[in-house]
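The data block below is upload_24.cif; it holds mmCIF, C-alpha atoms.
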data_input
loop_
_atom_site.group_PDB
_atom_site.id
_atom_site.type_symbol
_atom_site.label_atom_id
_atom_site.label_comp_id
_atom_site.auth_asym_id
_atom_site.auth_seq_id
_atom_site.Cartn_x
_atom_site.Cartn_y
_atom_site.Cartn_z
ATOM 1 C CA MET A 1 3.409 17.607 40.291
ATOM 2 C CA LEU A 2 4.375 15.578 37.228
ATOM 3 C CA ASP A 3 6.484 12.459 37.656
ATOM 4 C CA TYR A 4 9.269 12.836 35.113
ATOM 5 C CA LYS A 5 10.009 9.104 35.004
ATOM 6 C CA LEU A 6 6.493 8.641 33.668
ATOM 7 C CA LEU A 7 6.957 11.472 31.164
ATOM 8 C CA GLU A 8 10.269 9.962 30.112
ATOM 9 C CA ALA A 9 8.540 6.649 29.364
ATOM 10 C CA LEU A 10 5.866 8.335 27.234
ATOM 11 C CA ALA A 11 8.466 10.297 25.276
ATOM 12 C CA ALA A 12 10.627 7.201 24.738
ATOM 13 C CA VAL A 13 7.750 5.117 23.350
ATOM 14 C CA VAL A 14 6.766 7.816 20.848
ATOM 15 C CA GLN A 15 10.333 8.701 19.859
ATOM 16 C CA GLU A 16 11.497 5.092 19.503
ATOM 17 C CA GLY A 17 8.320 3.925 17.786
ATOM 18 C CA GLY A 18 7.320 1.203 20.245
ATOM 19 C CA PHE A 19 7.393 -0.163 23.792
ATOM 20 C CA GLU A 20 10.149 -2.712 23.165
ATOM 21 C CA LYS A 21 12.629 -0.140 21.844
ATOM 22 C CA ALA A 22 11.652 2.290 24.595
ATOM 23 C CA ALA A 23 12.374 -0.397 27.195
ATOM 24 C CA ALA A 24 15.824 -1.034 25.708
ATOM 25 C CA ARG A 25 16.586 2.684 25.752
ATOM 26 C CA LEU A 26 15.457 3.122 29.367
ATOM 27 C CA HIS A 27 17.010 -0.180 30.547
ATOM 28 C CA ILE A 28 13.756 -1.404 32.078
ATOM 29 C CA THR A 29 11.252 -4.091 31.080
ATOM 30 C CA GLN A 30 8.613 -3.542 28.408
ATOM 31 C CA SER A 31 5.970 -4.160 31.082
ATOM 32 C CA ALA A 32 7.444 -1.391 33.244
ATOM 33 C CA VAL A 33 7.297 1.051 30.338
ATOM 34 C CA SER A 34 3.648 0.175 29.697
ATOM 35 C CA GLN A 35 2.828 0.582 33.387
ATOM 36 C CA ARG A 36 4.479 4.009 33.536
ATOM 37 C CA VAL A 37 2.569 5.258 30.500
ATOM 38 C CA LYS A 38 -0.712 3.905 31.884
ATOM 39 C CA LEU A 39 -0.049 5.526 35.276
ATOM 40 C CA LEU A 40 0.652 8.869 33.605
ATOM 41 C CA GLU A 41 -2.617 8.594 31.665
ATOM 42 C CA ASP A 42 -4.461 7.777 34.900
ATOM 43 C CA GLN A 43 -2.963 10.842 36.557
ATOM 44 C CA ALA A 44 -3.790 13.027 33.546
ATOM 45 C CA GLY A 45 -7.295 11.623 33.270
ATOM 46 C CA GLN A 46 -7.034 11.141 29.513
ATOM 47 C CA VAL A 47 -5.400 9.081 26.776
ATOM 48 C CA LEU A 48 -1.935 10.418 25.951
ATOM 49 C CA MET A 49 -0.929 7.934 23.279
ATOM 50 C CA VAL A 50 -2.758 6.053 20.542
ATOM 51 C CA ARG A 51 -1.598 2.419 20.523
ATOM 52 C CA THR A 52 -1.018 2.210 16.783
ATOM 53 C CA SER A 53 2.078 0.853 15.061
ATOM 54 C CA PRO A 54 4.101 2.946 15.585
ATOM 55 C CA PRO A 55 2.421 4.554 18.625
ATOM 56 C CA ARG A 56 1.609 8.246 18.285
ATOM 57 C CA ALA A 57 0.917 10.859 20.900
ATOM 58 C CA THR A 58 -2.471 12.532 21.240
ATOM 59 C CA PRO A 59 -2.527 16.370 21.330
ATOM 60 C CA ALA A 60 -2.320 16.215 25.141
ATOM 61 C CA GLY A 61 0.487 13.672 24.900
ATOM 62 C CA ARG A 62 2.433 15.902 22.503
ATOM 63 C CA GLN A 63 2.147 18.779 24.970
ATOM 64 C CA MET A 64 3.487 16.600 27.779
ATOM 65 C CA ILE A 65 6.375 15.319 25.648
ATOM 66 C CA LYS A 66 7.233 18.863 24.596
ATOM 67 C CA HIS A 67 7.252 19.971 28.245
ATOM 68 C CA TYR A 68 9.438 17.024 29.227
ATOM 69 C CA LEU A 69 11.987 17.731 26.487
ATOM 70 C CA GLN A 70 12.151 21.429 27.377
ATOM 71 C CA VAL A 71 12.728 20.684 31.058
ATOM 72 C CA ASN A 72 15.282 18.011 30.151
ATOM 73 C CA ARG A 73 17.178 20.509 27.987
ATOM 74 C CA LEU A 74 17.299 23.033 30.849
ATOM 75 C CA GLU A 75 18.469 20.351 33.290
ATOM 76 C CA GLU A 76 21.305 19.377 30.950
ATOM 77 C CA ASP A 77 22.411 23.016 30.763
ATOM 78 C CA LEU A 78 22.283 23.302 34.551
ATOM 79 C CA LYS A 79 24.488 20.223 34.920
ATOM 80 C CA GLU A 80 26.943 21.673 32.419
ATOM 81 C CA SER A 81 27.091 25.062 34.162
ATOM 82 C CA LEU A 82 27.668 23.392 37.555
ATOM 83 C CA ASP A 83 30.192 20.999 36.034
ATOM 84 C CA LEU A 84 28.098 18.031 37.110
ATOM 85 C CA THR A 85 28.522 16.131 33.853
ATOM 86 C CA GLY A 86 31.442 13.806 33.259
ATOM 87 C CA GLN A 87 33.988 14.402 30.524
ATOM 88 C CA ASP A 88 32.531 11.561 28.449
ATOM 89 C CA VAL A 89 28.874 12.625 28.653
ATOM 90 C CA PHE A 90 27.227 13.819 25.440
ATOM 91 C CA THR A 91 24.084 15.906 25.054
ATOM 92 C CA THR A 92 21.575 15.105 22.305
ATOM 93 C CA LEU A 93 19.639 17.683 20.295
ATOM 94 C CA ALA A 94 16.711 16.467 18.160
ATOM 95 C CA LEU A 95 16.443 18.563 14.986
ATOM 96 C CA GLY A 96 14.104 18.537 11.977
ATOM 97 C CA ILE A 97 15.801 18.981 8.607
ATOM 98 C CA ASN A 98 14.930 18.703 4.925
ATOM 99 C CA GLY A 99 16.775 16.236 2.725
ATOM 100 C CA ASP A 100 18.423 18.743 0.371
ATOM 101 C CA SER A 101 19.912 20.732 3.267
ATOM 102 C CA LEU A 102 21.212 17.554 4.853
ATOM 103 C CA SER A 103 22.796 16.462 1.552
ATOM 104 C CA THR A 104 24.471 19.773 0.758
ATOM 105 C CA TRP A 105 25.272 22.628 3.147
ATOM 106 C CA PHE A 106 24.375 21.318 6.627
ATOM 107 C CA LEU A 107 27.486 19.211 7.262
ATOM 108 C CA PRO A 108 29.943 22.016 6.393
ATOM 109 C CA ALA A 109 27.873 24.342 8.585
ATOM 110 C CA VAL A 110 27.924 22.185 11.748
ATOM 111 C CA ARG A 111 31.171 20.231 11.392
ATOM 112 C CA ASP A 112 33.349 22.516 13.540
ATOM 113 C CA PHE A 113 30.667 22.743 16.231
ATOM 114 C CA LEU A 114 30.339 18.967 16.510
ATOM 115 C CA ILE A 115 34.110 18.569 16.758
ATOM 116 C CA ARG A 116 34.319 21.202 19.494
ATOM 117 C CA GLU A 117 31.226 20.353 21.555
ATOM 118 C CA ARG A 118 30.157 17.080 23.190
ATOM 119 C CA LEU A 119 26.953 17.019 21.177
ATOM 120 C CA LEU A 120 24.971 14.299 19.426
ATOM 121 C CA LEU A 121 22.418 15.165 16.758
ATOM 122 C CA ASP A 122 19.140 13.276 16.418
ATOM 123 C CA LEU A 123 18.255 14.381 12.873
ATOM 124 C CA ARG A 124 14.723 13.762 11.659
ATOM 125 C CA GLY A 125 14.065 14.285 7.979
ATOM 126 C CA ASP A 126 11.034 15.621 6.153
ATOM 127 C CA ASP A 127 10.178 18.092 3.431
ATOM 128 C CA GLN A 128 11.121 21.706 4.205
ATOM 129 C CA ASP A 129 7.401 22.532 4.216
ATOM 130 C CA GLU A 130 6.760 19.946 6.945
ATOM 131 C CA THR A 131 9.655 20.106 9.420
ATOM 132 C CA HIS A 132 8.061 22.899 11.486
ATOM 133 C CA LYS A 133 5.265 20.491 12.415
ATOM 134 C CA MET A 134 7.840 18.401 14.304
ATOM 135 C CA LEU A 135 8.765 21.496 16.310
ATOM 136 C CA ARG A 136 5.130 22.378 16.924
ATOM 137 C CA ASP A 137 4.420 18.867 18.180
ATOM 138 C CA GLY A 138 7.455 18.824 20.464
ATOM 139 C CA GLU A 139 9.308 16.092 18.541
ATOM 140 C CA VAL A 140 12.381 18.272 17.983
ATOM 141 C CA ILE A 141 14.029 21.207 19.718
ATOM 142 C CA GLY A 142 14.776 23.037 16.464
ATOM 143 C CA CYS A 143 14.173 22.731 12.728
ATOM 144 C CA ILE A 144 15.078 24.096 9.317
ATOM 145 C CA SER A 145 11.897 25.193 7.581
ATOM 146 C CA VAL A 146 10.460 27.481 4.900
ATOM 147 C CA GLN A 147 8.065 29.011 7.451
ATOM 148 C CA ASP A 148 8.880 32.724 7.702
ATOM 149 C CA ARG A 149 7.079 33.420 10.971
ATOM 150 C CA PRO A 150 8.111 32.161 14.416
ATOM 151 C CA MET A 151 5.723 29.831 16.192
ATOM 152 C CA GLN A 152 4.504 30.661 19.674
ATOM 153 C CA GLY A 153 7.264 30.065 22.212
ATOM 154 C CA CYS A 154 9.942 29.799 19.499
ATOM 155 C CA LEU A 155 12.722 31.918 18.003
ATOM 156 C CA MET A 156 13.427 32.265 14.280
ATOM 157 C CA GLU A 157 16.541 33.217 12.296
ATOM 158 C CA TYR A 158 16.903 33.583 8.514
ATOM 159 C CA LEU A 159 19.538 31.236 7.058
ATOM 160 C CA GLY A 160 19.504 31.958 3.344
ATOM 161 C CA ARG A 161 18.076 30.472 0.192
ATOM 162 C CA MET A 162 18.555 27.497 -2.109
ATOM 163 C CA ASP A 163 17.875 28.140 -5.809
ATOM 164 C CA TYR A 164 16.283 25.264 -7.715
ATOM 165 C CA ARG A 165 16.529 24.718 -11.482
ATOM 166 C CA LEU A 166 14.939 22.303 -13.941
ATOM 167 C CA ILE A 167 17.781 19.892 -14.715
ATOM 168 C CA ALA A 168 18.426 16.935 -17.050
ATOM 169 C CA SER A 169 21.351 15.094 -18.619
ATOM 170 C CA PRO A 170 22.329 16.265 -22.131
ATOM 171 C CA GLU A 171 21.292 12.892 -23.608
ATOM 172 C CA TYR A 172 17.926 13.016 -21.879
ATOM 173 C CA ALA A 173 17.297 16.579 -23.061
ATOM 174 C CA ALA A 174 18.169 15.632 -26.643
ATOM 175 C CA LYS A 175 15.838 12.614 -26.554
ATOM 176 C CA TRP A 176 12.775 14.130 -24.870
ATOM 177 C CA PHE A 177 13.139 17.857 -25.598
ATOM 178 C CA PRO A 178 14.833 18.101 -29.017
ATOM 179 C CA GLU A 179 13.030 21.394 -29.689
ATOM 180 C CA GLY A 180 13.365 22.700 -26.149
ATOM 181 C CA MET A 181 10.887 22.680 -23.280
ATOM 182 C CA ASN A 182 7.214 22.623 -24.277
ATOM 183 C CA LEU A 183 3.983 21.313 -22.754
ATOM 184 C CA GLU A 184 3.555 18.459 -25.216
ATOM 185 C CA SER A 185 7.010 16.997 -24.570
ATOM 186 C CA ALA A 186 6.776 17.589 -20.809
ATOM 187 C CA SER A 187 3.535 15.617 -20.673
ATOM 188 C CA LYS A 188 5.398 12.556 -22.010
ATOM 189 C CA ALA A 189 8.869 12.815 -20.420
ATOM 190 C CA PRO A 190 9.509 11.012 -17.087
ATOM 191 C CA PHE A 191 9.944 13.495 -14.250
ATOM 192 C CA PHE A 192 11.453 13.021 -10.758
ATOM 193 C CA ILE A 193 9.593 14.177 -7.631
ATOM 194 C CA PHE A 194 11.091 13.732 -4.146
ATOM 195 C CA ASN A 195 7.828 12.631 -2.487
ATOM 196 C CA ARG A 196 4.162 13.554 -2.425
ATOM 197 C CA LYS A 197 4.854 16.503 -0.135
ATOM 198 C CA ASP A 198 7.227 17.983 -2.742
ATOM 199 C CA HIS A 199 5.474 20.799 -4.605
ATOM 200 C CA LEU A 200 8.406 22.680 -6.131
ATOM 201 C CA HIS A 201 7.412 21.669 -9.639
ATOM 202 C CA TYR A 202 4.081 23.457 -9.177
ATOM 203 C CA LYS A 203 6.113 26.662 -8.922
ATOM 204 C CA MET A 204 8.568 25.949 -11.747
ATOM 205 C CA PHE A 205 6.305 24.714 -14.542
ATOM 206 C CA PRO A 206 4.043 27.811 -14.557
ATOM 207 C CA LEU A 207 7.208 29.921 -14.866
ATOM 208 C CA ALA A 208 8.779 27.819 -17.619
ATOM 209 C CA LEU A 209 5.695 26.625 -19.534
ATOM 210 C CA GLY A 210 2.776 28.716 -18.297
ATOM 211 C CA GLU A 211 1.125 25.733 -16.596
ATOM 212 C CA VAL A 212 1.802 22.305 -15.123
ATOM 213 C CA PRO A 213 1.909 19.565 -17.806
ATOM 214 C CA THR A 214 -1.051 17.186 -17.854
ATOM 215 C CA PRO A 215 -0.393 14.347 -17.467
ATOM 216 C CA LEU A 216 2.974 14.561 -15.710
ATOM 217 C CA PRO A 217 4.629 11.095 -15.730
ATOM 218 C CA ALA A 218 6.556 10.994 -12.453
ATOM 219 C CA HIS A 219 8.991 8.836 -10.540
ATOM 220 C CA TYR A 220 8.964 9.366 -6.744
ATOM 221 C CA LEU A 221 12.478 9.213 -5.336
ATOM 222 C CA PRO A 222 12.787 10.174 -1.631
ATOM 223 C CA SER A 223 16.589 10.430 -1.528
ATOM 224 C CA SER A 224 18.424 13.682 -2.207
ATOM 225 C CA GLU A 225 21.674 11.840 -2.960
ATOM 226 C CA GLN A 226 20.072 9.424 -5.424
ATOM 227 C CA PHE A 227 17.909 12.169 -6.926
ATOM 228 C CA VAL A 228 20.862 13.781 -8.670
ATOM 229 C CA SER A 229 22.342 10.375 -9.563
ATOM 230 C CA PHE A 230 19.165 9.234 -11.328
ATOM 231 C CA ILE A 231 18.966 12.502 -13.265
ATOM 232 C CA GLU A 232 22.640 12.305 -14.217
ATOM 233 C CA ALA A 233 22.008 8.732 -15.432
ATOM 234 C CA GLY A 234 19.440 10.063 -17.920
ATOM 235 C CA LEU A 235 16.421 8.371 -16.344
ATOM 236 C CA GLY A 236 14.372 11.542 -15.938
ATOM 237 C CA TYR A 237 14.548 15.260 -15.255
ATOM 238 C CA GLY A 238 13.766 17.183 -12.086
ATOM 239 C CA MET A 239 14.362 20.100 -9.740
ATOM 240 C CA LEU A 240 17.852 20.363 -8.267
ATOM 241 C CA PRO A 241 19.360 23.044 -6.021
ATOM 242 C CA ASP A 242 22.470 24.879 -7.220
ATOM 243 C CA GLN A 243 24.447 23.242 -4.418
ATOM 244 C CA GLN A 244 23.963 19.871 -6.157
ATOM 245 C CA SER A 245 23.920 20.866 -9.816
ATOM 246 C CA LYS A 246 26.400 23.753 -10.250
ATOM 247 C CA GLU A 247 29.596 21.742 -10.763
ATOM 248 C CA LEU A 248 27.831 19.179 -12.946
ATOM 249 C CA LEU A 249 26.362 21.962 -15.093
ATOM 250 C CA GLU A 250 29.771 23.602 -15.467
ATOM 251 C CA ALA A 251 31.275 20.240 -16.468
ATOM 252 C CA GLY A 252 28.567 19.696 -19.094
ATOM 253 C CA LEU A 253 27.254 16.566 -17.382
ATOM 254 C CA LEU A 254 23.873 18.224 -16.794
ATOM 255 C CA VAL A 255 21.899 20.938 -18.590
ATOM 256 C CA ASP A 256 19.422 23.554 -17.413
ATOM 257 C CA LEU A 257 16.163 23.029 -19.316
ATOM 258 C CA ALA A 258 14.758 26.444 -18.333
ATOM 259 C CA PRO A 259 17.830 28.663 -17.850
ATOM 260 C CA SER A 260 15.776 31.830 -17.430
ATOM 261 C CA HIS A 261 13.891 30.496 -14.430
ATOM 262 C CA ILE A 262 14.729 29.502 -10.875
ATOM 263 C CA VAL A 263 12.590 28.722 -7.842
ATOM 264 C CA PRO A 264 14.172 30.189 -4.698
ATOM 265 C CA VAL A 265 13.509 28.378 -1.417
ATOM 266 C CA HIS A 266 14.154 30.564 1.627
ATOM 267 C CA LEU A 267 15.204 28.640 4.727
ATOM 268 C CA TYR A 268 14.740 29.612 8.374
ATOM 269 C CA TRP A 269 16.014 28.191 11.647
ATOM 270 C CA HIS A 270 13.322 27.763 14.303
ATOM 271 C CA CYS A 271 14.005 26.645 17.867
ATOM 272 C CA TRP A 272 12.395 26.722 21.270
ATOM 273 C CA ASN A 273 12.817 29.971 23.185
ATOM 274 C CA LEU A 274 14.706 28.438 26.102
ATOM 275 C CA SER A 275 17.486 29.793 28.312
ATOM 276 C CA SER A 276 19.721 26.995 27.076
ATOM 277 C CA ALA A 277 23.400 27.872 26.679
ATOM 278 C CA LEU A 278 24.037 24.914 24.339
ATOM 279 C CA LEU A 279 21.041 25.699 22.133
ATOM 280 C CA GLU A 280 22.061 29.355 21.981
ATOM 281 C CA ARG A 281 25.626 28.433 20.981
ATOM 282 C CA PHE A 282 24.384 26.012 18.337
ATOM 283 C CA THR A 283 21.966 28.602 16.948
ATOM 284 C CA ARG A 284 24.653 31.310 16.685
ATOM 285 C CA HIS A 285 27.043 28.899 14.990
ATOM 286 C CA LEU A 286 24.482 27.506 12.547
ATOM 287 C CA VAL A 287 23.194 30.929 11.493
ATOM 288 C CA ARG A 288 26.705 32.330 11.041
ATOM 289 C CA LYS A 289 27.860 29.400 8.903
ATOM 290 C CA ALA A 290 24.645 29.080 6.899
ATOM 291 C CA THR A 291 24.642 32.743 5.913
ATOM 292 C CA ARG A 292 28.140 32.252 4.477
ATOM 293 C CA ILE A 293 27.233 29.125 2.524
ATOM 294 C CA LEU A 294 23.710 29.841 1.267
ATOM 295 C CA GLN A 295 22.635 32.573 -1.116
ATOM 296 C CA GLN A 296 21.258 35.660 0.564
ATOM 297 C CA GLY A 297 18.616 38.237 -0.400
ATOM 298 C CA GLU A 298 15.680 37.835 -2.760
#
Written form, structure tokens:
Amino acid sequence: MLDYKLLEALAAVVQEGGFEKAAARLHITQSAVSQRVKLLEDQAGQVLMVRTSPPRATPAGRQMIKHYLQVNRLEEDLKESLDLTGQDVFTTLALGINGDSLSTWFLPAVRDFLIRERLLLDLRGDDQDETHKMLRDGEVIGCISVQDRPMQGCLMEYLGRMDYRLIASPEYAAKWFPEGMNLESASKAPFFIFNRKDHLHYKMFPLALGEVPTPLPAHYLPSSEQFVSFIEAGLGYGMLPDQQSKELLEAGLLVDLAPSHIVPVHLYWHCWNLSSALLERFTRHLVRKATRILQQGE
């Protein structure tokens, strides 16, 4: 039978990114954390964590962490149902989320739930094409993703879509695209990309121009909040969701460079298929609110 104190130590080291932070979280010495992880590896007969900086779990380690988090979630629900938790005790849910969702619709969707429930969110950001990997590896209990098929052992609910447009400031458009969008101008104009996992422009440019400009001079700006600010400041153009650009477009502070084209991004909620009352309540609330806020259909 697995010793859950040992599993807890392994999970803490990976989640916190090191033995020192794990020790502070568990209120034990760094040496004790190391000993627990080593003992778990001895019992498992294999390496469960690669000692890099930060440490990362091996495939076997990820499976053990996932198991630990699932059992921990069920234990928290049991305590709640038996009224064994104190009034001041919070429960934490680790969730994977993309930056644009976090910057736009997510807060209005979960605000009432967080006020009502004694819940803490451990939000972990990545591109919407990547967040499901956190769920697969057991790092989070749920995620918002573009994946339209549930993973094994998980549930999936459709949330809605975010429509992306090719946006610039009026001054920027006049300077770099005086004759409108074309390949020659696009190959010279600075463009904003969120990070190297962001591939939305590979979908937009073929629609707007027939192909991706070559070269494509690009800034990389991994902040959804600053992304719109840099575009509004006239430092480049880029892909923005309607939730960020609509009011600025209506006010004339931004312009749509390809008004006939949008790239829809369909979002799905994935979570572990557990008999967890809290997770079920959160899922129902999130789906209900998201479907009211986000666009629906094709």
**OP:** Please write as JSON, numbers by chain the full residue list that the PyMOL selection byres ((chain A and resi 46) around 12) yields on this file.
**Re:** {"A": [37, 38, 39, 40, 41, 42, 43, 44, 45, 47, 48, 49, 50, 57, 58, 59, 60, 61, 64]}
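Nearest to Val228 of chain A of all the residues A:Leu216, A:Leu166, A:Leu286, A:Ala258 is A:Leu166, counting all atoms listed in the file.
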**OP:** Would you mind telling me which residue in A:Arg73, A:Lys66, A:Lys197, A:Arg25 lies nearest to Leu279 of chain A when using all atoms listed in the file?
**Re:** A:Arg73
Original post:
Any idea what's packed within 9 Å of Glu171 of chain A, counting all atoms listed in the file, ignoring anything in its chain fewer than 4 positions away? Could you give it as an MDAnalysis selection string?
Top reply: chainID A and resid 175:176 234
**OP:** Evaluate the PyMOL selection byres ((chain A and resi 21) around 12) and record the selected residues as an NGL selection string, following the chain and residue labels used in the document.
**Re:** :A and (9 or 11-20 or 22-30 or 33-34 or 54-55)
